[in-house]
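Report on the following structure.
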Amino acid sequence: MSTQAPEKHAFQAEVKQVLDIVVNSLYTDKEIFVRELISNASDALEKLRHTQLTEKEIADDNLPLEINVTTDDTAGTLTIQDFGIGMTRDELVENLGTIAHSGSKAFLSAIKEQGGMNDNLIGQFGVGFYSVFMVADSVEVFTHTWHPGGEGFKWACDGSGEYVIEPSEGQRRGTKIVIKLKEEHKEFAQESRIKGIIERYSSFVEFPVNLNGTRVNTTQAIWLKPKNEVTEEEYKDFYKFVAKSADEPLDWLHFSADAPLAINALLYLPGHNPEIPGFGRIECGVALHCRKVLIDPEPKKLFPEWLRFLKGVVDSADLPLNISRESMQDSALVAKISQVLTKRLIKHLADIAKKDEEKYGKIWKTLGGFLKEGVASDFAHREGLANLLRYESSMTEAGKTTGLQGYIDRMKDGQKDIYFISGPNRKAIESGPYLEAFKARGLEVIFCCEPIDDFVLNNLGQYHEKQLVSADQDDLELPEPDTQAEGEPLDEETTKGLCEFLKTTLGDKVKEVSAGKRLVGSPVVALNADKMMTPHMRRMMAAMSAQSGQEPQEMPAVVNLQINPRHGLIKNLAAMKDVNADVAGLVAEQLLDNALLAAGLLDEPRGMVNRLNDLLEKVTKA
Ligand code: ADP
Ligand code: MG
């Protein structure tokens with residue numbers, strides 16, 4: 001067999017088909033051919049490194065294991081060269097002239113199924129090399145095998161049905177691919193364009209990638225290293241790289257598993273809340289890689305929505321052959337990865353919460369909103385997430401928080417429910433009308449100070465078989481107080497009469513008036529008679545209709561009024577209603593407004609001033 005003359009070869013039928021599809025399809029990202037060729041070069045170097053371990057003699061054994069990319073924008077060429085394993089003549093025919101049967105078949109049927117191409121199909125079906133014909137007029141491959149006795153060859157093709165192989169003198173070990181670009185794709189002969197592409201897709205390739213003599217990939221794929229080989233500094237630097245952020249991460253999870261799925265992940269909790277109110281939802285910043293090569297910078301559905309604050313990398317060696325970007329969304333594989341990582345992350349947060357309260361406090365303060373969202377929206381992880389909730393309560397110091405488990409640990413014997421109350425802040429809740437009943441009974445109440453909180457806790461419903469109950473609910477069954485309020489209460493009949501008087505006077509403004517055991521120091525309290533419409537919910541809905549530019553809807557709060565039969569004011573009122581119904585009526589109205597005001601339910605306080613003046617005039621009359 002002569003090795004001197006150029007030999008024409010026809011492509012295997014499937015290759016021809018693939019080539020036609022690749023060349024004639026309209027790609028969104030033609031640039032991915034760079035990724036494919038660099039990945040091939042990296043594979044070739046990796047194979048050489050392996051061969052070096054077992055073989056004594058290797059051609060050009062002193063050559064560095066690196067990839068050199070050169071651009072020439074006057075000639076309109078791009079060259080990608082490696083000192084890898086190279087190819088013999090037979091290997092050239094086999095590797096570039098045919099496609100592994102399974103790969104080609106899968107590729108062609110995947111295209112049929114999807115009704116077209118997408119950027120990842122190419123790399124994942126063993127046809128990556130041909131992507132170069134999207135941009136090339138002609139391609140020359142110069143190569144020399146690692147076998148010390150081997151010869152050099154040149155493979156050349158213009159994208160038609162044939163290629164030519166001929167011997168080529170003076171080749172060094174490895175492969176050099178010279179791409180003559182089509183006129184309309186000359187941009188790929190520009191250094192800056194190629195630099196951007198390498199940084200985007202090939203930043204973590206194991207071997208140095210030099211562009212016109214300067215190394216481009218300086219960041220290591222630290223997520224593939226064992227944890228004890230990565231320094232804190234390296235973790236922090238990598239965060240700056242992936243998060244494109246100058247701050248420091250709050251924490252990170254470095255996770256590796258081989259079975260049942262090969263997953264390597266490095267997930268960062270950002271140092272600040274990346275979602276700015278009013279600027280809409282952010283996209284999750286975790287990129288999906290397969291063996292260090294970028295598959296998708298913003299994969300949808302890799303994590304549940306509430307984890308969109310995460311930054312980092314997920315790498316799975318199991319991904320490529322069965323997945324393409326478009327079908328990835330529903331892929332069972334991605335769902336599995338998502339499940340494993342989400343669970344692991346929740347456990348990681350729980351560990352921090354247990355071991356380092358201060359650190360967890362910071363995480364909660366910065367990212368707690370997302371975790372709350374998870375409790376309300378992610379049924380699959382609700383239980384795990386509920387352990388991570390933290391709130392101030394009537395038994396924590398100001399600024400300190402407790403978890404629900406902590407609350408349960410402190411519960412009194414016989415206490416069945418977990419109580420919470422909403423309000424704009426701790427002070428407002430403490431001076432509000434609801435807490436005193438719980439204080440008198442030594443019951444702890446969780447303080448909900450964010451509008452979303454009572455939604456989240458209502459949604460959660462229960463925790464470790466304890467109901468979560470809003471403390472402003474009218475139908476609470478509270479035990480006898482530890483400390484009895486001072487003074488004798490009104491007798492039953494007088495109390496009943498006063499309640500009737502109040503209901504008649506206040507009319508539709510209250511649903512019911514009754515005497516309760518709840519109160520200690522206050523004369524009255526307005527209790528929520530509508531479980532679904534909490535005060536916060538009302539405010540949220542009002543804010544929403546204001547935002548959408550609608551007329552604010554009239555949403556009168558439905559309340560029950562509870563009076564305290566031991567309170568001086570109530571006793572006086574009971575007596576006054578029979579002798580001075582006029583003033584008593586005004587006092588009744590004022591009492592209701594006071595109760596609504598304390599509950600944060602008074603929408604229109606101005607009417608109160610006129611009434612107060614009226615009242616003052618009446619009581620100052622000599
Ligand atoms: P894949 O990389 O998925 O196998 P490609 O179409 O990208 O598919 O490459 C086909 C084959 O060509 C590779 O499997 C490899 O054997 C060979 N090849 C491609 N590029 C090189 C290279 N730079 N050095 C050595 N062999 C290469
Ligand atoms: Mg390849």
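Going through the structure tokens in order, the chains are called A, B, and so on, while each chain numbers its residues from 1 and the ligands are numbered from 1 in the order shown.
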Task: Residues of region 177-308 of chain A in strand (DSSP E), written as a ChimeraX atom specification - done: /A:177-181,209-211,214-215,251-257,263-269,285-290,293-296
Counting only C-alpha atoms and all ligand atoms, which residues of chain A fall within 8 Å of ligand 1, and what is the closest atom pair for each with its distance in Å at one decimal, ordered by chain and rising number, as JSON lines?
```
{"residue": "A:Glu36", "atom": "CA", "partner": "ligand 1", "partner_atom_place_in_ligand_line": "7 (O)", "distance": 6.1}
{"residue": "A:Leu37", "atom": "CA", "partner": "ligand 1", "partner_atom_place_in_ligand_line": "20 (N)", "distance": 6.5}
{"residue": "A:Ile38", "atom": "CA", "partner": "ligand 1", "partner_atom_place_in_ligand_line": "23 (N)", "distance": 7.7}
{"residue": "A:Ser39", "atom": "CA", "partner": "ligand 1", "partner_atom_place_in_ligand_line": "2 (O)", "distance": 7.2}
{"residue": "A:Asn40", "atom": "CA", "partner": "ligand 1", "partner_atom_place_in_ligand_line": "20 (N)", "distance": 4.5}
{"residue": "A:Ala41", "atom": "CA", "partner": "ligand 1", "partner_atom_place_in_ligand_line": "23 (N)", "distance": 4.0}
{"residue": "A:Ser42", "atom": "CA", "partner": "ligand 1", "partner_atom_place_in_ligand_line": "23 (N)", "distance": 7.5}
{"residue": "A:Asp43", "atom": "CA", "partner": "ligand 1", "partner_atom_place_in_ligand_line": "22 (C)", "distance": 7.3}
{"residue": "A:Ala44", "atom": "CA", "partner": "ligand 1", "partner_atom_place_in_ligand_line": "24 (N)", "distance": 4.6}
{"residue": "A:Leu45", "atom": "CA", "partner": "ligand 1", "partner_atom_place_in_ligand_line": "24 (N)", "distance": 7.7}
{"residue": "A:Gln81", "atom": "CA", "partner": "ligand 1", "partner_atom_place_in_ligand_line": "23 (N)", "distance": 7.2}
{"residue": "A:Asp82", "atom": "CA", "partner": "ligand 1", "partner_atom_place_in_ligand_line": "23 (N)", "distance": 6.3}
{"residue": "A:Gly84", "atom": "CA", "partner": "ligand 1", "partner_atom_place_in_ligand_line": "24 (N)", "distance": 6.1}
{"residue": "A:Ile85", "atom": "CA", "partner": "ligand 1", "partner_atom_place_in_ligand_line": "25 (C)", "distance": 5.7}
{"residue": "A:Gly86", "atom": "CA", "partner": "ligand 1", "partner_atom_place_in_ligand_line": "25 (C)", "distance": 4.5}
{"residue": "A:Met87", "atom": "CA", "partner": "ligand 1", "partner_atom_place_in_ligand_line": "25 (C)", "distance": 5.7}
{"residue": "A:Glu91", "atom": "CA", "partner": "ligand 1", "partner_atom_place_in_ligand_line": "16 (O)", "distance": 7.4}
{"residue": "A:Leu92", "atom": "CA", "partner": "ligand 1", "partner_atom_place_in_ligand_line": "12 (O)", "distance": 7.4}
{"residue": "A:Asn95", "atom": "CA", "partner": "ligand 1", "partner_atom_place_in_ligand_line": "12 (O)", "distance": 4.3}
{"residue": "A:Leu96", "atom": "CA", "partner": "ligand 1", "partner_atom_place_in_ligand_line": "12 (O)", "distance": 5.5}
{"residue": "A:Ile99", "atom": "CA", "partner": "ligand 1", "partner_atom_place_in_ligand_line": "10 (C)", "distance": 7.4}
{"residue": "A:Gly123", "atom": "CA", "partner": "ligand 1", "partner_atom_place_in_ligand_line": "3 (O)", "distance": 5.9}
{"residue": "A:Gln124", "atom": "CA", "partner": "ligand 1", "partner_atom_place_in_ligand_line": "3 (O)", "distance": 6.3}
{"residue": "A:Phe125", "atom": "CA", "partner": "ligand 1", "partner_atom_place_in_ligand_line": "3 (O)", "distance": 5.9}
{"residue": "A:Gly126", "atom": "CA", "partner": "ligand 1", "partner_atom_place_in_ligand_line": "3 (O)", "distance": 3.0}
{"residue": "A:Val127", "atom": "CA", "partner": "ligand 1", "partner_atom_place_in_ligand_line": "6 (O)", "distance": 3.5}
{"residue": "A:Gly128", "atom": "CA", "partner": "ligand 1", "partner_atom_place_in_ligand_line": "7 (O)", "distance": 3.6}
{"residue": "A:Phe129", "atom": "CA", "partner": "ligand 1", "partner_atom_place_in_ligand_line": "6 (O)", "distance": 3.8}
{"residue": "A:Tyr130", "atom": "CA", "partner": "ligand 1", "partner_atom_place_in_ligand_line": "6 (O)", "distance": 6.0}
{"residue": "A:Thr143", "atom": "CA", "partner": "ligand 1", "partner_atom_place_in_ligand_line": "24 (N)", "distance": 7.7}
{"residue": "A:Gly174", "atom": "CA", "partner": "ligand 1", "partner_atom_place_in_ligand_line": "24 (N)", "distance": 6.2}
{"residue": "A:Thr175", "atom": "CA", "partner": "ligand 1", "partner_atom_place_in_ligand_line": "23 (N)", "distance": 5.0}
{"residue": "A:Lys176", "atom": "CA", "partner": "ligand 1", "partner_atom_place_in_ligand_line": "23 (N)", "distance": 7.0}
{"residue": "A:Ile177", "atom": "CA", "partner": "ligand 1", "partner_atom_place_in_ligand_line": "23 (N)", "distance": 7.6}
```
TODO: Please provide the set of residues having any atom within 8 Å of Leu78 (chain A), restricted to only C-alpha atoms, with same-chain residues fewer than 6 positions apart removed, written as a VMD selection string.
DONE: chain A and resid 69 to 72 178 to 181 188 to 189
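Of the listed residues (A:Val340, A:Ile222, A:Leu253, A:Ile421), A:Ile222 comes nearest to Arg291 (chain A); the distances count only C-alpha atoms.
Taking only C-alpha atoms into account, Val216 (chain A) lies nearest to A:Glu66 out of the set A:Glu66, A:Leu502, A:Tyr434, A:Pro274.
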- [ ] Using only C-alpha atoms, determine which residues lie at most 6 Å from region 469-482 of chain A, disregarding the query and same-chain residues fewer than 4 positions distant; provide the list as a VMD selection string.
- [x] chain A and resid 418 to 421 440 to 441 527 to 528
Just the selected residues (N, CA, C and O atoms), exported as a PDB file, in the first residue's frame, please.
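Ended up saving to selection_26.pdb:
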```
ATOM      1  N   ILE A 418     -48.936  25.575  68.422  1.00  0.00           N
ATOM      2  CA  ILE A 418     -47.865  26.573  68.338  1.00  0.00           C
ATOM      3  C   ILE A 418     -48.529  27.886  67.944  1.00  0.00           C
ATOM      4  O   ILE A 418     -49.252  27.937  66.950  1.00  0.00           O
ATOM      5  N   TYR A 419     -48.308  28.934  68.757  1.00  0.00           N
ATOM      6  CA  TYR A 419     -48.988  30.199  68.493  1.00  0.00           C
ATOM      7  C   TYR A 419     -48.065  31.177  67.788  1.00  0.00           C
ATOM      8  O   TYR A 419     -46.877  31.255  68.086  1.00  0.00           O
ATOM      9  N   PHE A 420     -48.651  31.903  66.846  1.00  0.00           N
ATOM     10  CA  PHE A 420     -47.890  32.982  66.213  1.00  0.00           C
ATOM     11  C   PHE A 420     -48.780  34.194  66.046  1.00  0.00           C
ATOM     12  O   PHE A 420     -50.010  34.090  66.035  1.00  0.00           O
ATOM     13  N   ILE A 421     -48.142  35.348  65.956  1.00  0.00           N
ATOM     14  CA  ILE A 421     -48.901  36.571  65.768  1.00  0.00           C
ATOM     15  C   ILE A 421     -48.151  37.486  64.800  1.00  0.00           C
ATOM     16  O   ILE A 421     -46.932  37.563  64.838  1.00  0.00           O
ATOM     17  N   ALA A 440     -49.966  35.889  80.313  1.00  0.00           N
ATOM     18  CA  ALA A 440     -50.580  35.524  81.589  1.00  0.00           C
ATOM     19  C   ALA A 440     -50.600  34.013  81.781  1.00  0.00           C
ATOM     20  O   ALA A 440     -50.707  33.509  82.889  1.00  0.00           O
ATOM     21  N   ARG A 441     -50.513  33.282  80.694  1.00  0.00           N
ATOM     22  CA  ARG A 441     -50.561  31.815  80.770  1.00  0.00           C
ATOM     23  C   ARG A 441     -49.196  31.174  80.546  1.00  0.00           C
ATOM     24  O   ARG A 441     -49.093  29.947  80.442  1.00  0.00           O
ATOM     25  N   LEU A 527     -60.832  40.630  67.819  1.00  0.00           N
ATOM     26  CA  LEU A 527     -60.305  39.332  67.390  1.00  0.00           C
ATOM     27  C   LEU A 527     -60.717  39.048  65.963  1.00  0.00           C
ATOM     28  O   LEU A 527     -61.799  39.442  65.529  1.00  0.00           O
ATOM     29  N   ASN A 528     -59.836  38.374  65.288  1.00  0.00           N
ATOM     30  CA  ASN A 528     -60.085  38.096  63.887  1.00  0.00           C
ATOM     31  C   ASN A 528     -61.180  37.045  63.747  1.00  0.00           C
ATOM     32  O   ASN A 528     -61.039  35.929  64.224  1.00  0.00           O
TER      33      ASN A 528
END
```
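Closest to Ser338 (chain A) among A:Glu162, A:Lys365, A:Ser316, A:Asp356 is A:Ser316, based on only C-alpha atoms.
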TODO: Write out as a PyMOL selection string the residues lying within 10 Å of Ser131 (chain A), counting only C-alpha atoms and excluding same-chain residues fewer than 5 positions away.
DONE: chain A and resi 18-19+21-23+30-37+119+122-123+136
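Among the candidates A:Leu592, A:Leu288, A:Val293, A:His464, the residue lying nearest to ligand 2 is A:Val293 (atoms considered: only C-alpha atoms and all ligand atoms).
Separating CA of Thr214 (chain A) from CA of Cys290 (chain A) is a distance of 25.4 Å.
Taking only C-alpha atoms, the non-local environment of region 389-400 of chain A within 8 Å (same-chain residues fewer than 4 positions away omitted) comprises A:Trp364, A:Gly368, A:Leu371, A:Lys372, A:Leu385, A:Leu404, A:Arg426, A:Glu430, A:Glu444, A:Val445, A:Ile446, A:Phe447, A:Cys448.
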Can those selected residues be exported to a file as a short mmCIF file (atom, residue, chain, number, x, y, z; two decimals), in the first residue's frame so that it contains N, CA and C atoms?
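What landed in result-v4.cif:
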```
data_model
loop_
_atom_site.label_atom_id
_atom_site.label_comp_id
_atom_site.auth_asym_id
_atom_site.auth_seq_id
_atom_site.Cartn_x
_atom_site.Cartn_y
_atom_site.Cartn_z
N TRP A 364 -29.83 33.16 57.45
CA TRP A 364 -31.27 33.37 57.57
C TRP A 364 -31.65 34.81 57.23
N GLY A 368 -33.25 34.06 54.10
CA GLY A 368 -34.41 33.43 54.74
C GLY A 368 -35.68 33.56 53.92
N LEU A 371 -36.06 30.68 51.72
CA LEU A 371 -36.39 29.45 52.43
C LEU A 371 -37.88 29.45 52.81
N LYS A 372 -38.38 30.62 53.21
CA LYS A 372 -39.81 30.72 53.52
C LYS A 372 -40.63 30.41 52.28
N LEU A 385 -37.46 21.94 55.18
CA LEU A 385 -37.33 23.40 55.20
C LEU A 385 -37.93 24.01 56.46
N LEU A 404 -38.78 26.32 65.18
CA LEU A 404 -40.02 25.71 65.66
C LEU A 404 -39.74 24.58 66.64
N ARG A 426 -41.42 43.93 66.41
CA ARG A 426 -41.50 43.37 67.75
C ARG A 426 -42.22 44.31 68.72
N GLU A 430 -45.54 43.58 70.84
CA GLU A 430 -45.48 43.53 72.31
C GLU A 430 -46.46 44.49 72.95
N GLU A 444 -45.70 30.74 74.87
CA GLU A 444 -44.82 31.43 73.94
C GLU A 444 -45.57 31.76 72.65
N VAL A 445 -45.28 32.93 72.10
CA VAL A 445 -45.89 33.30 70.81
C VAL A 445 -44.78 33.71 69.84
N ILE A 446 -44.84 33.16 68.66
CA ILE A 446 -43.86 33.49 67.61
C ILE A 446 -44.25 34.80 66.95
N PHE A 447 -43.26 35.66 66.72
CA PHE A 447 -43.54 36.96 66.13
C PHE A 447 -43.29 36.92 64.62
N CYS A 448 -44.32 37.23 63.87
CA CYS A 448 -44.20 37.26 62.41
C CYS A 448 -44.16 38.70 61.94
#
```
Open item on the list: Excluding region 506-523 of chain A and its own-chain neighbours fewer than 3 positions away, which residues fall within 8 Å of it when counting only C-alpha atoms? Please give them as a PyMOL selection string.
Closed with: chain A and resi 433+436-437+440+478+485+495-496+499-500+502-503+529+558-565+567-570+588-589
Open item on the list: Quick check for you: according to DSSP on this backbone, which residues of region 210-373 of chain A are classed as alpha helix (DSSP H)? Reply as JSON, numbers by chain.
Closed with: {"A": [232, 233, 234, 235, 236, 237, 238, 239, 240, 241, 242, 243, 325, 326, 327, 328, 332, 333, 334, 335, 336, 337, 338, 339, 340, 341, 342, 343, 344, 345, 346, 347, 348, 349, 350, 351, 352, 353, 354, 355, 357, 358, 359, 360, 361, 362, 363, 364, 365, 366, 367, 368, 369, 370, 371, 372, 373]}
Just write the chosen residues, C-alpha atoms, as an mmCIF file, in the first residue's frame.
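What ended up in selection.cif:
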```cif
data_model
loop_
_atom_site.group_PDB
_atom_site.id
_atom_site.type_symbol
_atom_site.label_atom_id
_atom_site.label_comp_id
_atom_site.auth_asym_id
_atom_site.auth_seq_id
_atom_site.Cartn_x
_atom_site.Cartn_y
_atom_site.Cartn_z
ATOM 1 C CA GLU A 232 -10.532 28.282 51.546
ATOM 2 C CA GLU A 233 -8.904 30.935 49.371
ATOM 3 C CA GLU A 234 -9.516 28.841 46.253
ATOM 4 C CA TYR A 235 -13.145 28.325 47.180
ATOM 5 C CA LYS A 236 -13.628 32.057 47.644
ATOM 6 C CA ASP A 237 -11.839 32.932 44.420
ATOM 7 C CA PHE A 238 -13.942 30.480 42.516
ATOM 8 C CA TYR A 239 -17.072 32.044 43.958
ATOM 9 C CA LYS A 240 -15.998 35.421 42.618
ATOM 10 C CA PHE A 241 -15.553 33.775 39.258
ATOM 11 C CA VAL A 242 -18.888 31.943 39.032
ATOM 12 C CA ALA A 243 -20.986 34.548 40.790
ATOM 13 C CA ARG A 325 -30.678 20.931 26.221
ATOM 14 C CA GLU A 326 -34.226 21.000 24.962
ATOM 15 C CA SER A 327 -35.256 17.691 26.384
ATOM 16 C CA MET A 328 -33.262 18.315 29.554
ATOM 17 C CA ALA A 332 -35.657 12.157 34.712
ATOM 18 C CA LEU A 333 -31.914 12.429 35.121
ATOM 19 C CA VAL A 334 -31.992 16.144 35.836
ATOM 20 C CA ALA A 335 -34.910 15.596 38.198
ATOM 21 C CA LYS A 336 -32.843 13.023 40.030
ATOM 22 C CA ILE A 337 -29.831 15.328 40.269
ATOM 23 C CA SER A 338 -32.118 18.084 41.495
ATOM 24 C CA GLN A 339 -33.600 15.857 44.148
ATOM 25 C CA VAL A 340 -30.247 14.647 45.446
ATOM 26 C CA LEU A 341 -28.736 18.128 45.591
ATOM 27 C CA THR A 342 -31.744 19.890 47.083
ATOM 28 C CA LYS A 343 -31.985 17.354 49.878
ATOM 29 C CA ARG A 344 -28.284 17.579 50.510
ATOM 30 C CA LEU A 345 -28.378 21.353 50.623
ATOM 31 C CA ILE A 346 -31.219 21.413 53.128
ATOM 32 C CA LYS A 347 -29.291 18.997 55.294
ATOM 33 C CA HIS A 348 -26.208 21.169 54.977
ATOM 34 C CA LEU A 349 -28.164 24.211 56.166
ATOM 35 C CA ALA A 350 -29.606 22.228 59.055
ATOM 36 C CA ASP A 351 -26.071 21.220 60.058
ATOM 37 C CA ILE A 352 -24.928 24.818 60.100
ATOM 38 C CA ALA A 353 -27.979 25.817 62.109
ATOM 39 C CA LYS A 354 -27.075 23.185 64.658
ATOM 40 C CA LYS A 355 -23.351 23.824 64.851
ATOM 41 C CA GLU A 357 -25.917 29.622 65.268
ATOM 42 C CA GLU A 358 -24.280 32.897 64.404
ATOM 43 C CA LYS A 359 -23.433 31.810 60.900
ATOM 44 C CA TYR A 360 -26.890 30.418 60.362
ATOM 45 C CA GLY A 361 -28.315 33.678 61.669
ATOM 46 C CA LYS A 362 -26.523 35.510 58.882
ATOM 47 C CA ILE A 363 -27.740 33.051 56.276
ATOM 48 C CA TRP A 364 -31.274 33.375 57.572
ATOM 49 C CA LYS A 365 -31.133 37.133 57.518
ATOM 50 C CA THR A 366 -29.803 37.231 53.964
ATOM 51 C CA LEU A 367 -31.619 34.346 52.312
ATOM 52 C CA GLY A 368 -34.412 33.430 54.739
ATOM 53 C CA GLY A 369 -37.019 34.872 52.385
ATOM 54 C CA PHE A 370 -36.174 32.189 49.827
ATOM 55 C CA LEU A 371 -36.394 29.449 52.431
ATOM 56 C CA LYS A 372 -39.813 30.724 53.524
ATOM 57 C CA GLU A 373 -40.887 30.688 49.898
#
```
